[in-house]
Amino acid sequence: GPDHFYSEIMDHGISEEKRLLPRIIDMSERTGIPLVATNDCHYMRREDAETQEVLMCIQTGKTLDDENRMRMDTDQLYVKSEDEMLALFPGHADAVQRAHDIAMRCNVTFDFNTVHLPHFPVPEGETSDTLLRKLVEEGFAKRYAADDPVARERLEYEIGVITQMGYVDYFLIVWDFVKFAKDAGIMVGPGRGSGAASIVAYCLNITQLDPIKYNLTFERFLNPERVSMPDIDMDFCYERRQEVIDYVTRKYGADHVSQIITFGTMAARAVVRDVGRVMGMPYQDVDKVAKLIPTELKMTLNHALEVSPDLKAMYDAEPQVHELIDTSLKVEGMPRHASTHAAGVVITREPATEYVPLSTNDGLPVTQFNMVEIERLGLLKMDFLGLRTLTVIHDTEAAVRLHEPDFRIANLDYDDAATYAMLERGETEGIFQLESTGMT
């Protein structure tokens, strides 16, 4: 019926709207199609309009005084109150009321209490529980002596916790794609992070570290007291990581697998350079200001003003620098662009669109929520990290095998004095997690 159609009326003080408004109202009166009053919202408050202009200039690479730049010829694109809308459309209170009625029909509830694990397809006659038990027992027989009481007790305890917390499918999912990678000759990391503390992961050949030998605590990974998603970071050969993601996509369905968005935000130094350019300030003037901002991680402009007396002095003395920093403060921390998270992949039980809005980046689906929000919604996020180091190890192994066909990196002994001597000398360039200055 006609109740599904509305004529939208807007007034942001733009000349075209002024011409159209009486015509839309006239059409509504002639056809009986009800009016609904709306306002475009690009920012929260009216005073944010200037900041919006600065942001648009940053994105389009223009300066504020560029005559031909894309711009909003209005400061009315903010979230208006009911009173403001009634004042804007006198005699059309019903149109304002209809906007409220439509809003009331929208029902979005976020559920932060349910975990939505994907379902692992098990063979006929098996359940997830029986399959996990079978696989773990096979691995246990290879890894430990049958009568090892310590390992056996730890195994039963872990299986109990995993079952009780509902993470059986999770382990099967990881086991399955790790097995795929290894069968395809794709180099997989030996395991790191809290997942390396699990004997179940070790028996499933997901990790290559004996948690008992190294006295690793399972509770850091899964703790029945604290319900949180398990998090196994998987490292794959950088050049072939995508094959593993493709496999998962085939197995669970393209509509069930998505990569995760990450928003590049505007950090202190970069903001000042961007804003300076937009304001049309000479490069060397902007450069002088930017260089006074320390490059430490998590540096903010407010903090920079506290720790850099030279910056503070310029801010107080020079009106242009004052304006530059005040404007920068407004856009600092805003999302500058969206990109794809380097590792995170979501696998969902129902199609991903049942839980999250999707977008595309470089033609691949990405969630419109970031990693933190994905986890809060109880979705399974897997980290598929591409590591160049693994590619190097793989190529090295292949090179050695030309001379020693039986050589396997996995069989190397850890008690190698020459290796430790090399690390002591600080020769750690290109060694994963040991090449940062602190470690060296």
# chains A, B, ... in the order shown; residues from 1 in each chain; ligands from 1
>>> closest_atom_pairs(of="range 132-199 of chain A", to="range 239-250 of chain A", cutoff="12 Å", atoms="only C-alpha atoms", output="Markdown table")
| residue | atom | partner | partner_atom | distance |
| --- | --- | --- | --- | --- |
| A:Ile173 | CA | A:Val248 | CA | 9.0 |
| A:Val174 | CA | A:Val248 | CA | 10.0 |
| A:Trp175 | CA | A:Val248 | CA | 11.8 |
| A:Asp176 | CA | A:Val248 | CA | 9.2 |
| A:Phe177 | CA | A:Val244 | CA | 6.8 |
| A:Val178 | CA | A:Val244 | CA | 8.3 |
| A:Lys179 | CA | A:Val244 | CA | 10.2 |
| A:Phe180 | CA | A:Val244 | CA | 7.6 |
| A:Ala181 | CA | A:Val244 | CA | 6.4 |
| A:Lys182 | CA | A:Val244 | CA | 10.1 |
| A:Asp183 | CA | A:Val244 | CA | 11.3 |
| A:Ala184 | CA | A:Glu243 | CA | 9.4 |
| A:Gly185 | CA | A:Arg240 | CA | 9.6 |
| A:Ile186 | CA | A:Arg240 | CA | 6.6 |
| A:Met187 | CA | A:Arg240 | CA | 8.4 |
| A:Val188 | CA | A:Arg241 | CA | 9.4 |
| A:Gly189 | CA | A:Arg241 | CA | 11.6 |
>>> write_last_selection(atoms="N, CA and C atoms", output="compact mmCIF listing (two decimals), in the first residue's frame")
# COMPACT_ATOMS: atom_id res chain seq x y z
N ILE A 173 38.65 -27.20 13.47
CA ILE A 173 38.82 -26.25 12.36
C ILE A 173 40.30 -25.94 12.14
N VAL A 174 41.00 -25.65 13.26
CA VAL A 174 42.43 -25.32 13.15
C VAL A 174 43.22 -26.55 12.70
N TRP A 175 42.93 -27.71 13.31
CA TRP A 175 43.60 -28.96 12.92
C TRP A 175 43.48 -29.18 11.41
N ASP A 176 42.28 -28.94 10.89
CA ASP A 176 41.99 -29.22 9.49
C ASP A 176 42.78 -28.32 8.54
N PHE A 177 42.81 -26.98 8.82
CA PHE A 177 43.53 -26.15 7.85
C PHE A 177 45.05 -26.23 8.03
N VAL A 178 45.52 -26.58 9.22
CA VAL A 178 46.96 -26.78 9.41
C VAL A 178 47.38 -28.05 8.66
N LYS A 179 46.55 -29.08 8.76
CA LYS A 179 46.82 -30.34 8.04
C LYS A 179 46.85 -30.07 6.53
N PHE A 180 45.88 -29.28 6.05
CA PHE A 180 45.87 -28.94 4.63
C PHE A 180 47.20 -28.29 4.22
N ALA A 181 47.63 -27.31 5.02
CA ALA A 181 48.86 -26.57 4.68
C ALA A 181 50.06 -27.50 4.64
N LYS A 182 50.17 -28.36 5.67
CA LYS A 182 51.34 -29.25 5.73
C LYS A 182 51.31 -30.27 4.60
N ASP A 183 50.13 -30.78 4.29
CA ASP A 183 50.01 -31.74 3.19
C ASP A 183 50.37 -31.09 1.85
N ALA A 184 50.12 -29.78 1.74
CA ALA A 184 50.39 -29.07 0.49
C ALA A 184 51.83 -28.55 0.46
N GLY A 185 52.61 -28.88 1.49
CA GLY A 185 54.00 -28.42 1.53
C GLY A 185 54.14 -26.95 1.84
N ILE A 186 53.13 -26.36 2.47
CA ILE A 186 53.21 -24.96 2.87
C ILE A 186 53.83 -24.91 4.26
N MET A 187 54.86 -24.11 4.43
CA MET A 187 55.56 -24.03 5.71
C MET A 187 54.63 -23.43 6.78
N VAL A 188 54.54 -24.10 7.92
CA VAL A 188 53.71 -23.63 9.03
C VAL A 188 54.61 -23.41 10.24
N GLY A 189 54.38 -22.31 10.95
CA GLY A 189 55.21 -22.02 12.13
C GLY A 189 55.03 -23.08 13.20
>>> residues_around(residues="range 127-136 of chain A", least_positions_apart="3", cutoff="7 Å", atoms="only C-alpha atoms", output="list in words")
Val122, Gly139, Phe140, Val168, Asp169, Leu172, Val200, Cys203 and Leu204 of chain A
>>> write_last_selection(atoms="N, CA and C atoms", output="CSV table (one decimal), in the first residue's frame")
chain,number,residue,atom,x,y,z
A,122,VAL,N,31.7,-33.1,10.2
A,122,VAL,CA,32.3,-34.4,10.6
A,122,VAL,C,31.8,-35.5,9.8
A,139,GLY,N,47.6,-38.7,17.9
A,139,GLY,CA,48.7,-37.8,18.1
A,139,GLY,C,49.5,-38.1,19.4
A,140,PHE,N,48.7,-38.4,20.4
A,140,PHE,CA,49.3,-38.7,21.8
A,140,PHE,C,50.2,-39.9,21.7
A,168,VAL,N,35.3,-27.5,21.0
A,168,VAL,CA,35.7,-28.7,20.3
A,168,VAL,C,35.8,-28.4,18.8
A,169,ASP,N,34.8,-27.8,18.2
A,169,ASP,CA,34.8,-27.4,16.8
A,169,ASP,C,36.0,-26.5,16.4
A,172,LEU,N,39.0,-28.5,15.9
A,172,LEU,CA,38.9,-29.3,14.6
A,172,LEU,C,39.2,-28.4,13.4
A,200,VAL,N,46.7,-30.5,23.7
A,200,VAL,CA,45.8,-31.0,22.7
A,200,VAL,C,46.3,-30.4,21.3
A,203,CYS,N,49.2,-32.5,20.3
A,203,CYS,CA,48.9,-33.8,19.8
A,203,CYS,C,48.2,-33.8,18.4
A,204,LEU,N,47.5,-32.6,18.1
A,204,LEU,CA,46.9,-32.5,16.8
A,204,LEU,C,47.8,-32.0,15.8
>>> atom_distance(atom1="CA of Glu429 in chain A", atom2="CA of Thr389 in chain A")
11.0 Å
>>> closest_residue(among="A:Asp383, A:Met422, A:Glu404, A:Ala399", to="Leu434 in chain A", atoms="only C-alpha atoms")
A:Met422
>>> select_by_dssp(residues="range 120-346 of chain A", states="alpha helix (DSSP H)", output="MDAnalysis selection string")
chainID A and resid 128:143 149:165 168:183 199:203 241:252 268:278 283:291 301:307 309:317 319:331
>>> closest_atom_pairs(of="range 74-193 of chain A", to="range 364-375 of chain A", cutoff="12 Å", atoms="only C-alpha atoms", output="CSV")
residue,atom,partner,partner_atom,distance
A:Phe110,CA,A:Glu373,CA,10.4
A:Asp111,CA,A:Glu373,CA,11.2
A:Phe112,CA,A:Glu375,CA,8.9
A:Asn113,CA,A:Glu375,CA,10.7
A:Thr114,CA,A:Glu375,CA,10.6
A:Val115,CA,A:Glu375,CA,9.0
A:His116,CA,A:Glu375,CA,10.1
A:Leu117,CA,A:Glu375,CA,11.4
>>> residues_around(residues="Val161 in chain A", least_positions_apart="2", cutoff="12 Å", atoms="only C-alpha atoms", output="CSV table (one decimal) with N, CA, C and O atoms, in the first residue's frame")
chain,number,residue,atom,x,y,z
A,154,ARG,N,47.3,-34.3,32.0
A,154,ARG,CA,47.2,-33.0,31.4
A,154,ARG,C,46.2,-33.1,30.2
A,154,ARG,O,45.4,-32.2,29.9
A,155,LEU,N,46.3,-34.2,29.4
A,155,LEU,CA,45.5,-34.3,28.2
A,155,LEU,C,44.0,-34.4,28.6
A,155,LEU,O,43.2,-33.7,28.0
A,156,GLU,N,43.7,-35.2,29.6
A,156,GLU,CA,42.3,-35.4,30.0
A,156,GLU,C,41.7,-34.1,30.6
A,156,GLU,O,40.6,-33.7,30.3
A,157,TYR,N,42.6,-33.4,31.3
A,157,TYR,CA,42.2,-32.1,31.9
A,157,TYR,C,41.8,-31.1,30.7
A,157,TYR,O,40.8,-30.4,30.7
A,158,GLU,N,42.7,-31.0,29.7
A,158,GLU,CA,42.5,-30.0,28.7
A,158,GLU,C,41.2,-30.4,27.8
A,158,GLU,O,40.4,-29.5,27.5
A,159,ILE,N,41.1,-31.7,27.5
A,159,ILE,CA,39.9,-32.1,26.7
A,159,ILE,C,38.6,-31.7,27.5
A,159,ILE,O,37.6,-31.2,27.0
A,163,THR,N,35.9,-29.1,26.0
A,163,THR,CA,34.5,-29.6,25.8
A,163,THR,C,33.6,-28.8,26.6
A,163,THR,O,32.5,-28.3,26.1
A,164,GLN,N,33.9,-28.5,27.8
A,164,GLN,CA,33.0,-27.7,28.7
A,164,GLN,C,32.8,-26.3,28.2
A,164,GLN,O,31.7,-25.8,28.3
A,165,MET,N,33.9,-25.7,27.6
A,165,MET,CA,33.7,-24.4,27.2
A,165,MET,C,33.2,-24.3,25.7
A,165,MET,O,33.0,-23.2,25.2
A,166,GLY,N,33.0,-25.4,25.1
A,166,GLY,CA,32.3,-25.5,23.8
A,166,GLY,C,33.3,-25.1,22.6
A,166,GLY,O,32.9,-24.6,21.6
A,167,TYR,N,34.6,-25.5,22.8
A,167,TYR,CA,35.6,-25.2,21.8
A,167,TYR,C,36.1,-26.4,21.0
A,167,TYR,O,37.1,-26.3,20.4
A,168,VAL,N,35.3,-27.5,21.0
A,168,VAL,CA,35.7,-28.7,20.3
A,168,VAL,C,35.8,-28.4,18.8
A,168,VAL,O,36.9,-28.7,18.1
A,198,SER,N,49.1,-25.7,24.9
A,198,SER,CA,48.1,-26.7,24.9
A,198,SER,C,48.6,-28.1,24.4
A,198,SER,O,49.2,-28.2,23.3
A,200,VAL,N,46.7,-30.5,23.7
A,200,VAL,CA,45.8,-31.0,22.7
A,200,VAL,C,46.3,-30.4,21.3
A,200,VAL,O,46.3,-31.1,20.3
A,218,PHE,N,48.5,-24.0,30.5
A,218,PHE,CA,47.3,-24.0,29.7
A,218,PHE,C,46.3,-22.9,30.0
A,218,PHE,O,45.7,-22.4,29.1
A,219,GLU,N,46.2,-22.6,31.2
A,219,GLU,CA,45.3,-21.5,31.7
A,219,GLU,C,45.5,-20.2,31.0
A,219,GLU,O,44.6,-19.4,30.9
A,221,PHE,N,45.9,-19.9,28.0
A,221,PHE,CA,45.3,-20.0,26.7
A,221,PHE,C,43.7,-20.1,26.8
A,221,PHE,O,43.0,-19.4,26.2
A,222,LEU,N,43.3,-21.1,27.7
A,222,LEU,CA,41.9,-21.3,28.0
A,222,LEU,C,41.7,-21.4,29.5
A,222,LEU,O,42.4,-22.2,30.1
A,223,ASN,N,40.8,-20.6,30.0
A,223,ASN,CA,40.6,-20.6,31.4
A,223,ASN,C,39.1,-20.7,31.7
A,223,ASN,O,38.3,-19.7,31.3
A,224,PRO,N,38.6,-21.8,32.3
A,224,PRO,CA,37.2,-21.9,32.5
A,224,PRO,C,36.6,-20.8,33.4
A,224,PRO,O,35.4,-20.5,33.3
A,225,GLU,N,37.5,-20.1,34.1
A,225,GLU,CA,37.0,-19.0,35.0
A,225,GLU,C,36.7,-17.7,34.1
A,225,GLU,O,35.9,-16.9,34.5
A,226,ARG,N,37.3,-17.6,33.0
A,226,ARG,CA,37.2,-16.4,32.2
A,226,ARG,C,36.9,-16.8,30.8
A,226,ARG,O,37.7,-17.2,30.0
A,227,VAL,N,35.6,-16.6,30.4
A,227,VAL,CA,35.2,-17.1,29.1
A,227,VAL,C,35.7,-16.1,28.0
A,227,VAL,O,35.3,-14.9,28.0
A,230,PRO,N,39.4,-18.6,22.4
A,230,PRO,CA,40.8,-19.1,22.3
A,230,PRO,C,41.5,-18.4,21.1
A,230,PRO,O,40.8,-18.0,20.2
